[in-house]
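Below is one structure, written out as structure tokens, with a few remarks after it.
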There are 2 protein chains.
Amino acid sequence: MAVSVRDVAETAGVSVGTVSNVLNRPDKVSSATVARVQDAIDRLGFVRNDAARQLRAGRSRTIGLVVLDLHNPFFSEVARGAEERAEREGLSVLVANTDEKQAREAAHLDLFEEQRVAGVLVTPTGDDLRRLRRMRDHGIPAVLVDRESQDSAFASVAVDDLEGGRLAAEHLLQLGRRRLMFAGGPISLRQVSDRLEGAQRAVAECPGATIEFVGTEALTVEDGRRAAKRITARDAATRPDAVFAANDLIALGLLQGLLQSGEIRVPDDVALIGYDDIDFAAAAVVPLSSIRQPAQLIGATAVELLLGLDVDAESDGARRHVVYRPELVVRASTAG
Amino acid sequence: MAVSVRDVAETAGVSVGTVSNVLNRPDKVSSATVARVQDAIDRLGFVRNDAARQLRAGRSRTIGLVVLDLHNPFFSEVARGAEERAEREGLSVLVANTDEKQAREAAHLDLFEEQRVAGVLVTPTGDDLRRLRRMRDHGIPAVLVDRESQDSAFASVAVDDLEGGRLAAEHLLQLGRRRLMFAGGPISLRQVSDRLEGAQRAVAECPGATIEFVGTEALTVEDGRRAAKRITARDAATRPDAVFAANDLIALGLLQGLLQSGEIRVPDDVALIGYDDIDFAAAAVVPLSSIRQPAQLIGATAVELLLGLDVDAESDGARRHVVYRPELVVRASTAG
DNA sequence: CAGAATCACTGAATCGATTCATAGCCCGCG
DNA sequence: CGCGGGCTATGAATCGATTCAGTGATTCTG
């Protein structure tokens, strides 16, 4: 059933080495032979066995991408960017979800290591880079995605989340809002804590303004809806007049929840701004203001960093840490 | 650098066979030996080489999933369902995008075959199942996803798209609308043509009602926006009074485009219904009516069919074709 | 025209985990 | 004491593509 190079070689009347050459370096083989071998391949329906090839090569032609949540269109954009870039290099990308859970992140990294991937692109769940270090020691380079690494050992692509947080908060303050709220979580995610901190700094510079933190379990639409309940449950007087959501999914959930209550108008009573500027943000009930990040570019850059990466070259730190700037996108949810 | 079972065996003072047993059948090995081997594994930082394992096994522990568009939340739900189900069986899922292009579908299937995946779940782009047949002959079973197979050779999970199309159209007709339009494409996609045909049948049963077809290149938000332009460019009198979009992405694009024009109100001037009921449909500017499909369940069922599938058992056709029923979800975009 | 260089091809060795026939050991039972 | 049977462990053979030193044959060069 399984057709191997040996079978092909036999029916073409050549050696296995020649078959391999036809497959990998057709120019090294006379065209007559190429034709004979091709014919045998077609007749037998031969398909290369990638496992054998990889075993010999010692390395696969695949890149592992570990993201927090593929359901977040932001990450699926990142994935698309990475895939397109990798494809041009003849590599494919394997995508794994962590659902923001450390255990799943570890399990997926283990699987990638077993597969001897050419490298991994990771949005780390926590602050623990030990496993990545071990993988690097085993010859598997890593690039941190959507996260600046203080650690010079790993290249990274990120967007300045402090700046993004500041942009969002400053925008809300300029509207005259003073009782800000930040919704998102878990705070252990760097993205979340940095955006919050950026916002807090902006608020600190504005006398009379406050910002309150409401934690969520994760960064999904559902978590946003739950956060909305906690807001609507309060007295109108103690409610925030502006909410900055850690990402657009949370923001969309909040929007639904707040409007559903019937008492709260957006942006009149509560201004709302999200983060990521996913496609659906513009199409929301109240079109959502957001902080835009160049998602595809992030994915593509990560791949480039990975490929330009010499595992044991600790040098050239400068060009191995790319930081993009976020951009404010104003829509109806923060109008007026 | 590369640590192999041989190295582990050596430092643990046992044979390679024993190391393999510790890895795969620890109960067959005395606990003292297990401990010694484990210790060696930890000390050396040994990680199994999956390529070697697969080569020996002749088959990988991975399932390939080929979908039309991962950016469509419907498919990412399907993927999630498949992943969760597969994980319980100790399998992982590789996801590949076709962007609705035949060539990409073929390329990805080839890659999957080279990897000797345990099976593939496919939403075929066209009607050509030859490649799938060849793969089956090579021992790689396939399950058709979101598509009924007339072909008894392949198991399938689908939702009745004729029924879905009918549901959507009947709903619009019940609102009193008579000049219907269907927007979507390419028509070569079974999902598109079936939904259209279901709608046409409903329209045919309603005297005085018509349905017009507007094709799009693909099923994205952007295509929806473009379709909207073609509607807004017309005289008010010749515009449809209801639009049925082939999926929610198209519907959301249409919605944005129609509202942007300023002249058209939804649902007053044009009622709008989508398909899939993705999460974002409920959060749209005008919450979107839609036809719901059990996305995760489809993914999970596909995996089950695959695993229960004996490649050369042509029998038991009945239980190998699962068809779920779609469900109408009414929201503001078709109110009144 | 000898010797060098080029070309097309060969086939054994290799990657690393798993398998399986085999061997050694110990215990218990007749 | 001896034999069967249960444990535990062994290590050569295997999966299939690739590599690379080497063989012949042909063409080139001074």
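Going through the structure tokens in order, the chains are called A, B, and so on, while each chain numbers its residues from 1 and the ligands are numbered from 1 in the order shown.
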List every residue of chain D that has an atom at most 12 Å from any atom of chain A, and for each one report the closest atom pair and its distance in Å to one decimal, counting only C-alpha atoms (C1' of nucleotides), with rows sorted by chain and then by increasing residue number, as CSV.
```
residue,atom,partner,partner_atom,distance
D:DC15,C1',A:Ala52,CA,8.0
D:DG16,C1',A:Ala52,CA,5.2
D:DA17,C1',A:Arg53,CA,4.9
D:DT18,C1',A:Arg56,CA,6.4
D:DT19,C1',A:Gly17,CA,8.6
D:DC20,C1',A:Gly17,CA,10.2
```
Excluding range 146-160 of chain B and any residue of its chain fewer than 6 positions from it, enumerate the residues within 6 Å of it, using only C-alpha atoms (C1' of nucleotides), and give them as a compact mmCIF listing (two decimals) with N, CA and C atoms, in the first residue's frame.
```
# COMPACT_ATOMS: atom_id res chain seq x y z
N ARG B 320 -23.34 7.38 8.64
CA ARG B 320 -22.13 8.13 8.34
C ARG B 320 -22.44 9.46 7.64
N HIS B 321 -23.72 9.76 7.52
CA HIS B 321 -24.08 11.06 6.96
C HIS B 321 -24.98 11.79 7.94
N VAL B 322 -24.41 12.74 8.63
CA VAL B 322 -25.17 13.46 9.64
C VAL B 322 -25.61 14.80 9.07
N VAL B 323 -26.87 15.10 9.25
CA VAL B 323 -27.37 16.40 8.78
C VAL B 323 -28.07 17.10 9.94
N TYR B 324 -27.59 18.25 10.29
CA TYR B 324 -28.24 19.02 11.35
C TYR B 324 -29.22 20.01 10.73
N ARG B 325 -30.16 20.45 11.55
CA ARG B 325 -31.13 21.40 11.03
C ARG B 325 -30.77 22.82 11.47
```
When you look at range 99-108 of chain A with a cut-off of 6 Å (counting only C-alpha atoms (C1' of nucleotides)), what residues show up, excluding the ones that are within fewer than 5 positions of it in the same chain? I need them as a ChimeraX atom specification. /A:68-69,125
Saved selection, atoms kept: C-alpha atoms, as a compact mmCIF listing (two decimals), in the first residue's frame:
```
# COMPACT_ATOMS: atom_id res chain seq x y z
CA LEU A 68 -3.80 33.33 23.45
CA ASP A 69 -7.06 32.98 21.62
CA THR A 125 0.77 33.55 28.95
```
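Once Leu44 in chain B and its same-chain neighbours fewer than 6 positions away are set aside, B:Val3, B:Asp7, B:Val8, B:Thr11 remain within 9 Å of it when counting only C-alpha atoms (C1' of nucleotides).
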Which residues of chain A are close to chain B, meaning at most 8 Å apart when you count only C-alpha atoms, and how do they look as a PyMOL selection string? chain A and resi 1-2+47-52+54-55+70-71+73+76-77+94-95+113-116+138-139+252-253+255-256+280+283-287
Could you save the residues just selected, with N, CA and C atoms, as a JSON list (two decimals), in the first residue's frame?
```
[["chain", "number", "residue", "atom", "x", "y", "z"],
["A", 1, "MET", "N", 0.84, -1.21, 0.00],
["A", 1, "MET", "CA", 0.00, 0.00, 0.00],
["A", 1, "MET", "C", 0.87, 1.26, 0.00],
["A", 2, "ALA", "N", 1.83, 1.24, 0.92],
["A", 2, "ALA", "CA", 2.70, 2.42, 0.99],
["A", 2, "ALA", "C", 3.77, 2.33, -0.09],
["A", 47, "VAL", "N", 3.78, 9.40, -2.88],
["A", 47, "VAL", "CA", 3.75, 10.65, -2.14],
["A", 47, "VAL", "C", 4.83, 10.60, -1.07],
["A", 48, "ARG", "N", 5.70, 11.56, -1.09],
["A", 48, "ARG", "CA", 6.79, 11.62, -0.12],
["A", 48, "ARG", "C", 6.32, 11.42, 1.32],
["A", 49, "ASN", "N", 7.09, 10.73, 2.08],
["A", 49, "ASN", "CA", 6.78, 10.58, 3.49],
["A", 49, "ASN", "C", 7.56, 11.63, 4.27],
["A", 50, "ASP", "N", 6.78, 12.57, 4.76],
["A", 50, "ASP", "CA", 7.43, 13.72, 5.40],
["A", 50, "ASP", "C", 8.16, 13.33, 6.68],
["A", 51, "ALA", "N", 7.64, 12.33, 7.37],
["A", 51, "ALA", "CA", 8.28, 11.92, 8.62],
["A", 51, "ALA", "C", 9.69, 11.44, 8.36],
["A", 52, "ALA", "N", 9.86, 10.65, 7.32],
["A", 52, "ALA", "CA", 11.18, 10.13, 7.01],
["A", 52, "ALA", "C", 12.11, 11.27, 6.61],
["A", 54, "GLN", "N", 11.90, 14.39, 7.45],
["A", 54, "GLN", "CA", 12.27, 15.20, 8.61],
["A", 54, "GLN", "C", 13.27, 14.49, 9.50],
["A", 55, "LEU", "N", 13.05, 13.22, 9.65],
["A", 55, "LEU", "CA", 13.95, 12.46, 10.51],
["A", 55, "LEU", "C", 15.38, 12.63, 10.02],
["A", 70, "LEU", "N", -7.42, 32.10, 19.42],
["A", 70, "LEU", "CA", -7.61, 32.21, 17.97],
["A", 70, "LEU", "C", -8.97, 32.79, 17.62],
["A", 71, "HIS", "N", -9.85, 32.80, 18.58],
["A", 71, "HIS", "CA", -11.17, 33.34, 18.27],
["A", 71, "HIS", "C", -11.16, 34.84, 18.25],
["A", 73, "PRO", "N", -10.22, 37.93, 16.59],
["A", 73, "PRO", "CA", -9.80, 38.23, 15.23],
["A", 73, "PRO", "C", -8.43, 38.89, 15.16],
["A", 76, "SER", "N", -6.15, 36.04, 14.82],
["A", 76, "SER", "CA", -6.24, 35.32, 13.56],
["A", 76, "SER", "C", -5.63, 36.17, 12.44],
["A", 77, "GLU", "N", -5.63, 37.49, 12.63],
["A", 77, "GLU", "CA", -4.91, 38.35, 11.68],
["A", 77, "GLU", "C", -3.40, 38.13, 11.80],
["A", 94, "LEU", "N", 1.97, 26.10, 12.08],
["A", 94, "LEU", "CA", 1.02, 25.36, 12.91],
["A", 94, "LEU", "C", 0.53, 26.28, 14.00],
["A", 95, "VAL", "N", -0.77, 26.39, 14.13],
["A", 95, "VAL", "CA", -1.31, 27.32, 15.10],
["A", 95, "VAL", "C", -1.89, 26.58, 16.30],
["A", 113, "GLU", "N", 8.04, 20.93, 20.28],
["A", 113, "GLU", "CA", 9.42, 20.50, 20.41],
["A", 113, "GLU", "C", 9.56, 19.06, 19.92],
["A", 114, "GLU", "N", 8.60, 18.23, 20.23],
["A", 114, "GLU", "CA", 8.65, 16.85, 19.73],
["A", 114, "GLU", "C", 8.67, 16.83, 18.21],
["A", 115, "GLN", "N", 8.04, 17.82, 17.63],
["A", 115, "GLN", "CA", 7.99, 17.85, 16.18],
["A", 115, "GLN", "C", 9.21, 18.53, 15.59],
["A", 116, "ARG", "N", 10.09, 18.98, 16.45],
["A", 116, "ARG", "CA", 11.31, 19.63, 16.00],
["A", 116, "ARG", "C", 11.01, 20.75, 15.01],
["A", 138, "HIS", "N", 17.92, 23.62, 23.03],
["A", 138, "HIS", "CA", 17.78, 22.44, 22.18],
["A", 138, "HIS", "C", 17.79, 22.81, 20.71],
["A", 139, "GLY", "N", 18.05, 24.05, 20.43],
["A", 139, "GLY", "CA", 18.18, 24.46, 19.04],
["A", 139, "GLY", "C", 16.89, 24.94, 18.40],
["A", 252, "LEU", "N", -17.06, 44.82, 22.94],
["A", 252, "LEU", "CA", -18.32, 44.47, 22.29],
["A", 252, "LEU", "C", -19.28, 43.84, 23.29],
["A", 253, "GLY", "N", -18.75, 43.03, 24.18],
["A", 253, "GLY", "CA", -19.59, 42.43, 25.22],
["A", 253, "GLY", "C", -20.16, 43.50, 26.14],
["A", 255, "LEU", "N", -20.64, 46.59, 25.41],
["A", 255, "LEU", "CA", -21.60, 47.38, 24.65],
["A", 255, "LEU", "C", -22.97, 46.71, 24.66],
["A", 256, "GLN", "N", -22.97, 45.44, 24.32],
["A", 256, "GLN", "CA", -24.24, 44.70, 24.34],
["A", 256, "GLN", "C", -24.88, 44.77, 25.71],
["A", 280, "PHE", "N", -14.86, 43.78, 13.17],
["A", 280, "PHE", "CA", -16.22, 43.90, 13.66],
["A", 280, "PHE", "C", -16.46, 45.14, 14.50],
["A", 283, "ALA", "N", -18.46, 47.70, 12.83],
["A", 283, "ALA", "CA", -19.81, 47.29, 12.48],
["A", 283, "ALA", "C", -20.70, 47.10, 13.70],
["A", 284, "ALA", "N", -20.22, 47.52, 14.86],
["A", 284, "ALA", "CA", -20.99, 47.29, 16.08],
["A", 284, "ALA", "C", -22.21, 48.20, 16.16],
["A", 285, "VAL", "N", -23.12, 47.83, 17.06],
["A", 285, "VAL", "CA", -24.34, 48.61, 17.29],
["A", 285, "VAL", "C", -24.00, 50.08, 17.31],
["A", 286, "VAL", "N", -23.09, 50.41, 18.21],
["A", 286, "VAL", "CA", -22.51, 51.75, 18.19],
["A", 286, "VAL", "C", -21.08, 51.52, 17.73],
["A", 287, "PRO", "N", -20.74, 52.02, 16.55],
["A", 287, "PRO", "CA", -19.39, 51.76, 16.04],
["A", 287, "PRO", "C", -18.35, 52.12, 17.09]]
```
At a cut-off of 7 Å, list the chain C residues touching chain B, using only C-alpha atoms (C1' of nucleotides), as a PDB file with N, CA and C atoms (P, O5', C5', C4', C3', O3' and C1' of nucleotides), in the first residue's frame.
```
ATOM      1  P    DG C  16      19.470  11.401  15.734  1.00  0.00           P
ATOM      2  O5'  DG C  16      18.171  10.621  16.208  1.00  0.00           O
ATOM      3  C5'  DG C  16      16.916  11.227  16.051  1.00  0.00           C
ATOM      4  C4'  DG C  16      15.837  10.245  16.426  1.00  0.00           C
ATOM      5  C3'  DG C  16      16.033   9.555  17.775  1.00  0.00           C
ATOM      6  O3'  DG C  16      14.773   9.512  18.388  1.00  0.00           O
ATOM      7  C1'  DG C  16      15.727   7.938  16.124  1.00  0.00           C
ATOM      8  P    DA C  17      14.598   9.153  19.884  1.00  0.00           P
ATOM      9  O5'  DA C  17      13.320   8.209  19.771  1.00  0.00           O
ATOM     10  C5'  DA C  17      12.130   8.785  19.243  1.00  0.00           C
ATOM     11  C4'  DA C  17      11.207   7.682  18.780  1.00  0.00           C
ATOM     12  C3'  DA C  17      10.746   6.727  19.875  1.00  0.00           C
ATOM     13  O3'  DA C  17       9.349   6.557  19.728  1.00  0.00           O
ATOM     14  C1'  DA C  17      11.777   5.521  18.105  1.00  0.00           C
ATOM     15  P    DT C  18       8.504   5.738  20.770  1.00  0.00           P
ATOM     16  O5'  DT C  18       8.376   4.337  20.042  1.00  0.00           O
ATOM     17  C5'  DT C  18       7.775   4.300  18.763  1.00  0.00           C
ATOM     18  C4'  DT C  18       7.866   2.902  18.206  1.00  0.00           C
ATOM     19  C3'  DT C  18       7.356   1.798  19.140  1.00  0.00           C
ATOM     20  O3'  DT C  18       6.359   1.110  18.416  1.00  0.00           O
ATOM     21  C1'  DT C  18       9.444   1.216  18.190  1.00  0.00           C
TER      22       DT C  18
END
```
Residue neighbourhood Arg265 in chain B, 12 Å, only C-alpha atoms (C1' of nucleotides), exclusion window fewer than 6 positions, as a count of residues only: 17
I'd like the contact shell of Glu217 in chain A - 7 Å cut-off, only C-alpha atoms (C1' of nucleotides), skipping same-chain residues fewer than 2 positions apart - returned as a ChimeraX atom specification. /A:185-186,215,223
Apply DSSP to the structure's backbone, then extract all residues of range 67-310 of chain B labelled strand (DSSP E) and return them as a PyMOL selection string. chain B and resi 67+92-97+119-122+142-145+155-159+179-184+210-215+242-245+271-273+290-292
Those selected residues, please, written with N, CA and C atoms and delivered as a short mmCIF file (atom, residue, chain, number, x, y, z; two decimals), in the first residue's frame.
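Resulting contents of part_15.cif:
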```cif
data_model
loop_
_atom_site.label_atom_id
_atom_site.label_comp_id
_atom_site.auth_asym_id
_atom_site.auth_seq_id
_atom_site.Cartn_x
_atom_site.Cartn_y
_atom_site.Cartn_z
N VAL B 67 -10.47 24.27 5.79
CA VAL B 67 -11.68 25.09 5.75
C VAL B 67 -11.57 26.22 4.75
N SER B 92 -4.13 15.69 17.57
CA SER B 92 -4.20 17.14 17.39
C SER B 92 -4.71 17.46 16.00
N VAL B 93 -5.12 18.69 15.83
CA VAL B 93 -5.73 19.11 14.58
C VAL B 93 -4.88 20.18 13.92
N LEU B 94 -4.59 19.98 12.68
CA LEU B 94 -3.88 20.98 11.89
C LEU B 94 -4.90 21.70 11.04
N VAL B 95 -4.91 23.00 11.09
CA VAL B 95 -5.91 23.74 10.35
C VAL B 95 -5.30 24.44 9.16
N ALA B 96 -5.94 24.32 8.03
CA ALA B 96 -5.45 25.00 6.84
C ALA B 96 -6.58 25.75 6.17
N ASN B 97 -6.24 26.91 5.69
CA ASN B 97 -7.16 27.81 4.99
C ASN B 97 -7.09 27.61 3.50
N GLY B 119 -6.25 11.45 9.08
CA GLY B 119 -7.46 11.67 8.31
C GLY B 119 -7.63 13.16 8.05
N VAL B 120 -8.54 13.48 7.14
CA VAL B 120 -8.78 14.90 6.87
C VAL B 120 -10.28 15.22 6.96
N LEU B 121 -10.53 16.40 7.46
CA LEU B 121 -11.88 16.94 7.47
C LEU B 121 -11.88 18.08 6.46
N VAL B 122 -12.73 18.00 5.47
CA VAL B 122 -12.65 18.97 4.38
C VAL B 122 -13.98 19.63 4.06
N ALA B 142 -11.40 10.55 4.74
CA ALA B 142 -11.83 11.94 4.74
C ALA B 142 -13.28 12.04 5.19
N VAL B 143 -13.59 13.16 5.81
CA VAL B 143 -14.97 13.45 6.16
C VAL B 143 -15.31 14.81 5.56
N LEU B 144 -16.42 14.87 4.87
CA LEU B 144 -16.82 16.15 4.29
C LEU B 144 -17.55 16.97 5.34
N VAL B 145 -17.16 18.22 5.43
CA VAL B 145 -17.71 19.08 6.46
C VAL B 145 -18.55 20.17 5.82
N ALA B 155 -17.89 9.92 4.54
CA ALA B 155 -18.83 10.34 5.57
C ALA B 155 -18.97 11.86 5.48
N SER B 156 -20.01 12.39 6.06
CA SER B 156 -20.19 13.83 5.98
C SER B 156 -21.02 14.36 7.15
N VAL B 157 -20.75 15.58 7.51
CA VAL B 157 -21.59 16.31 8.45
C VAL B 157 -22.02 17.56 7.74
N ALA B 158 -23.28 17.88 7.86
CA ALA B 158 -23.72 19.07 7.18
C ALA B 158 -24.92 19.64 7.89
N VAL B 159 -25.26 20.84 7.47
CA VAL B 159 -26.50 21.42 7.91
C VAL B 159 -27.31 21.57 6.64
N ARG B 179 -39.65 41.89 -2.93
CA ARG B 179 -38.52 42.01 -3.85
C ARG B 179 -37.24 41.58 -3.15
N LEU B 180 -37.04 40.29 -3.11
CA LEU B 180 -35.90 39.75 -2.38
C LEU B 180 -34.63 39.79 -3.21
N MET B 181 -33.52 39.80 -2.49
CA MET B 181 -32.22 39.69 -3.15
C MET B 181 -31.37 38.72 -2.34
N PHE B 182 -30.61 37.92 -3.08
CA PHE B 182 -29.67 37.03 -2.40
C PHE B 182 -28.26 37.49 -2.77
N ALA B 183 -27.42 37.71 -1.76
CA ALA B 183 -26.05 38.16 -2.04
C ALA B 183 -25.04 37.14 -1.53
N GLY B 184 -24.16 36.72 -2.41
CA GLY B 184 -23.13 35.76 -1.98
C GLY B 184 -22.43 35.15 -3.17
N THR B 210 -40.32 37.93 -5.90
CA THR B 210 -39.20 37.64 -6.79
C THR B 210 -37.92 37.60 -5.96
N ILE B 211 -36.94 36.93 -6.51
CA ILE B 211 -35.63 36.96 -5.84
C ILE B 211 -34.56 37.12 -6.90
N GLU B 212 -33.67 38.00 -6.61
CA GLU B 212 -32.62 38.38 -7.54
C GLU B 212 -31.30 37.91 -6.93
N PHE B 213 -30.37 37.53 -7.79
CA PHE B 213 -29.08 37.05 -7.29
C PHE B 213 -27.97 38.05 -7.58
N VAL B 214 -27.26 38.42 -6.54
CA VAL B 214 -26.09 39.28 -6.73
C VAL B 214 -24.87 38.50 -6.27
N GLY B 215 -24.00 38.25 -7.20
CA GLY B 215 -22.83 37.43 -6.87
C GLY B 215 -21.71 38.24 -6.22
N ALA B 242 -35.65 43.44 0.70
CA ALA B 242 -35.09 42.50 1.68
C ALA B 242 -33.89 41.81 1.05
N VAL B 243 -32.84 41.64 1.86
CA VAL B 243 -31.66 40.96 1.36
C VAL B 243 -31.32 39.78 2.27
N PHE B 244 -31.04 38.68 1.61
CA PHE B 244 -30.61 37.48 2.33
C PHE B 244 -29.14 37.30 1.94
N ALA B 245 -28.26 37.37 2.94
CA ALA B 245 -26.83 37.25 2.65
C ALA B 245 -26.39 35.81 2.90
N ALA B 271 -34.86 44.94 4.69
CA ALA B 271 -34.66 43.98 5.78
C ALA B 271 -33.44 43.15 5.41
N LEU B 272 -32.72 42.68 6.42
CA LEU B 272 -31.47 41.98 6.15
C LEU B 272 -31.33 40.75 7.05
N ILE B 273 -30.99 39.65 6.42
CA ILE B 273 -30.75 38.45 7.23
C ILE B 273 -29.47 37.77 6.75
N SER B 290 -30.39 35.96 11.65
CA SER B 290 -29.49 35.02 11.01
C SER B 290 -30.05 33.60 11.08
N ILE B 291 -29.39 32.72 10.36
CA ILE B 291 -29.73 31.30 10.44
C ILE B 291 -28.61 30.62 11.20
N ARG B 292 -28.96 30.06 12.34
CA ARG B 292 -27.92 29.50 13.19
C ARG B 292 -27.56 28.06 12.80
#
```
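Separating CA of Val266 in chain B from CA of Glu197 in chain B is a distance of 24.6 Å.
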Which of range 25-217 of chain A fall in alpha helix (DSSP H), as an mmCIF file with C-alpha atoms, in the first residue's frame:
```cif
data_model
loop_
_atom_site.group_PDB
_atom_site.id
_atom_site.type_symbol
_atom_site.label_atom_id
_atom_site.label_comp_id
_atom_site.auth_asym_id
_atom_site.auth_seq_id
_atom_site.Cartn_x
_atom_site.Cartn_y
_atom_site.Cartn_z
ATOM 1 C CA SER A 31 15.937 15.091 -18.452
ATOM 2 C CA ALA A 32 15.322 11.640 -19.841
ATOM 3 C CA THR A 33 15.771 10.141 -16.405
ATOM 4 C CA VAL A 34 13.632 12.807 -14.785
ATOM 5 C CA ALA A 35 10.865 11.903 -17.184
ATOM 6 C CA ARG A 36 11.159 8.179 -16.488
ATOM 7 C CA VAL A 37 11.117 8.745 -12.747
ATOM 8 C CA GLN A 38 8.239 11.205 -12.909
ATOM 9 C CA ASP A 39 6.313 8.696 -14.881
ATOM 10 C CA ALA A 40 6.924 6.008 -12.290
ATOM 11 C CA ILE A 41 5.908 8.415 -9.535
ATOM 12 C CA ASP A 42 2.655 9.192 -11.278
ATOM 13 C CA ARG A 43 1.887 5.608 -12.103
ATOM 14 C CA LEU A 44 2.481 4.391 -8.579
ATOM 15 C CA ASP A 50 7.426 13.715 5.398
ATOM 16 C CA ALA A 51 8.281 11.922 8.624
ATOM 17 C CA ALA A 52 11.181 10.128 7.007
ATOM 18 C CA ARG A 53 12.355 13.277 5.370
ATOM 19 C CA GLN A 54 12.266 15.203 8.608
ATOM 20 C CA LEU A 55 13.951 12.456 10.513
ATOM 21 C CA ARG A 56 16.852 12.604 8.161
ATOM 22 C CA ALA A 57 16.869 16.395 8.043
ATOM 23 C CA PRO A 73 -9.798 38.232 15.226
ATOM 24 C CA PHE A 74 -6.693 40.111 16.234
ATOM 25 C CA PHE A 75 -4.801 36.873 16.636
ATOM 26 C CA SER A 76 -6.239 35.325 13.559
ATOM 27 C CA GLU A 77 -4.905 38.348 11.679
ATOM 28 C CA VAL A 78 -1.519 37.805 13.260
ATOM 29 C CA ALA A 79 -1.707 34.180 12.202
ATOM 30 C CA ARG A 80 -2.599 35.128 8.677
ATOM 31 C CA GLY A 81 0.326 37.499 8.482
ATOM 32 C CA ALA A 82 2.666 34.823 9.747
ATOM 33 C CA GLU A 83 1.302 32.198 7.392
ATOM 34 C CA GLU A 84 1.648 34.339 4.329
ATOM 35 C CA ARG A 85 5.187 35.298 5.173
ATOM 36 C CA ALA A 86 6.179 31.762 6.037
ATOM 37 C CA GLU A 87 4.652 30.369 2.890
ATOM 38 C CA ARG A 88 6.967 32.512 0.831
ATOM 39 C CA GLN A 102 -0.285 28.201 31.171
ATOM 40 C CA ALA A 103 -0.819 24.466 31.122
ATOM 41 C CA ARG A 104 -2.050 24.481 27.558
ATOM 42 C CA GLU A 105 0.806 26.694 26.520
ATOM 43 C CA ALA A 106 3.277 24.237 28.018
ATOM 44 C CA ALA A 107 1.593 21.255 26.418
ATOM 45 C CA HIS A 108 1.629 22.857 23.000
ATOM 46 C CA LEU A 109 5.238 23.893 23.267
ATOM 47 C CA ASP A 110 6.122 20.330 24.203
ATOM 48 C CA LEU A 111 4.331 19.065 21.138
ATOM 49 C CA PHE A 112 6.135 21.568 18.967
ATOM 50 C CA GLU A 113 9.417 20.498 20.413
ATOM 51 C CA GLU A 114 8.651 16.852 19.733
ATOM 52 C CA ARG A 130 12.193 28.872 31.262
ATOM 53 C CA ARG A 131 10.663 26.454 28.822
ATOM 54 C CA LEU A 132 11.518 28.731 25.930
ATOM 55 C CA ARG A 133 15.054 28.925 27.139
ATOM 56 C CA ARG A 134 15.270 25.171 27.270
ATOM 57 C CA MET A 135 13.921 24.943 23.755
ATOM 58 C CA ARG A 136 16.469 27.424 22.559
ATOM 59 C CA ASP A 137 19.171 25.328 24.179
ATOM 60 C CA ASP A 161 0.877 48.835 25.016
ATOM 61 C CA LEU A 162 1.790 51.572 27.481
ATOM 62 C CA GLU A 163 1.442 54.037 24.653
ATOM 63 C CA GLY A 164 -1.813 52.422 23.566
ATOM 64 C CA GLY A 165 -3.223 52.645 27.069
ATOM 65 C CA ARG A 166 -2.193 56.253 27.268
ATOM 66 C CA LEU A 167 -3.788 57.068 23.902
ATOM 67 C CA ALA A 168 -7.067 55.552 24.956
ATOM 68 C CA ALA A 169 -7.174 57.251 28.342
ATOM 69 C CA GLU A 170 -6.112 60.629 27.003
ATOM 70 C CA HIS A 171 -8.831 60.447 24.407
ATOM 71 C CA LEU A 172 -11.460 59.752 27.050
ATOM 72 C CA LEU A 173 -10.141 62.546 29.261
ATOM 73 C CA GLN A 174 -10.245 64.969 26.358
ATOM 74 C CA ARG A 190 1.365 41.693 29.992
ATOM 75 C CA GLN A 191 -0.975 43.152 27.397
ATOM 76 C CA VAL A 192 -3.555 43.813 30.065
ATOM 77 C CA SER A 193 -1.285 45.213 32.725
ATOM 78 C CA ASP A 194 0.579 47.493 30.327
ATOM 79 C CA ARG A 195 -2.557 48.937 28.807
ATOM 80 C CA LEU A 196 -3.853 49.586 32.293
ATOM 81 C CA GLU A 197 -0.642 51.179 33.397
ATOM 82 C CA GLY A 198 -0.499 53.423 30.366
ATOM 83 C CA ALA A 199 -4.007 54.573 31.106
ATOM 84 C CA GLN A 200 -3.210 55.123 34.775
ATOM 85 C CA ARG A 201 -0.295 57.351 33.884
ATOM 86 C CA ALA A 202 -2.463 59.488 31.666
ATOM 87 C CA VAL A 203 -5.053 59.736 34.396
ATOM 88 C CA ALA A 204 -2.432 60.684 36.965
#
```
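A straight line drawn from CA of Arg234 in chain B to CA of Asn247 in chain B is 23.0 Å long.
Computed from the coordinates, the CA of Gly262 in chain B to CA of Asp269 in chain A distance equals 25.4 Å.
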So that I can see what lies close to DT10 in chain C, please list as a count of residues only the residues with an atom at most 10 Å from it, counting only C-alpha atoms (C1' of nucleotides) and leaving out residues fewer than 5 positions away in the same chain. 7
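Restricting the calculation to only C-alpha atoms (C1' of nucleotides), the smallest distance between DT10 in chain D and any of B:Ile140, B:Ile231, B:Leu91, B:Ala9 is found for B:Ala9.
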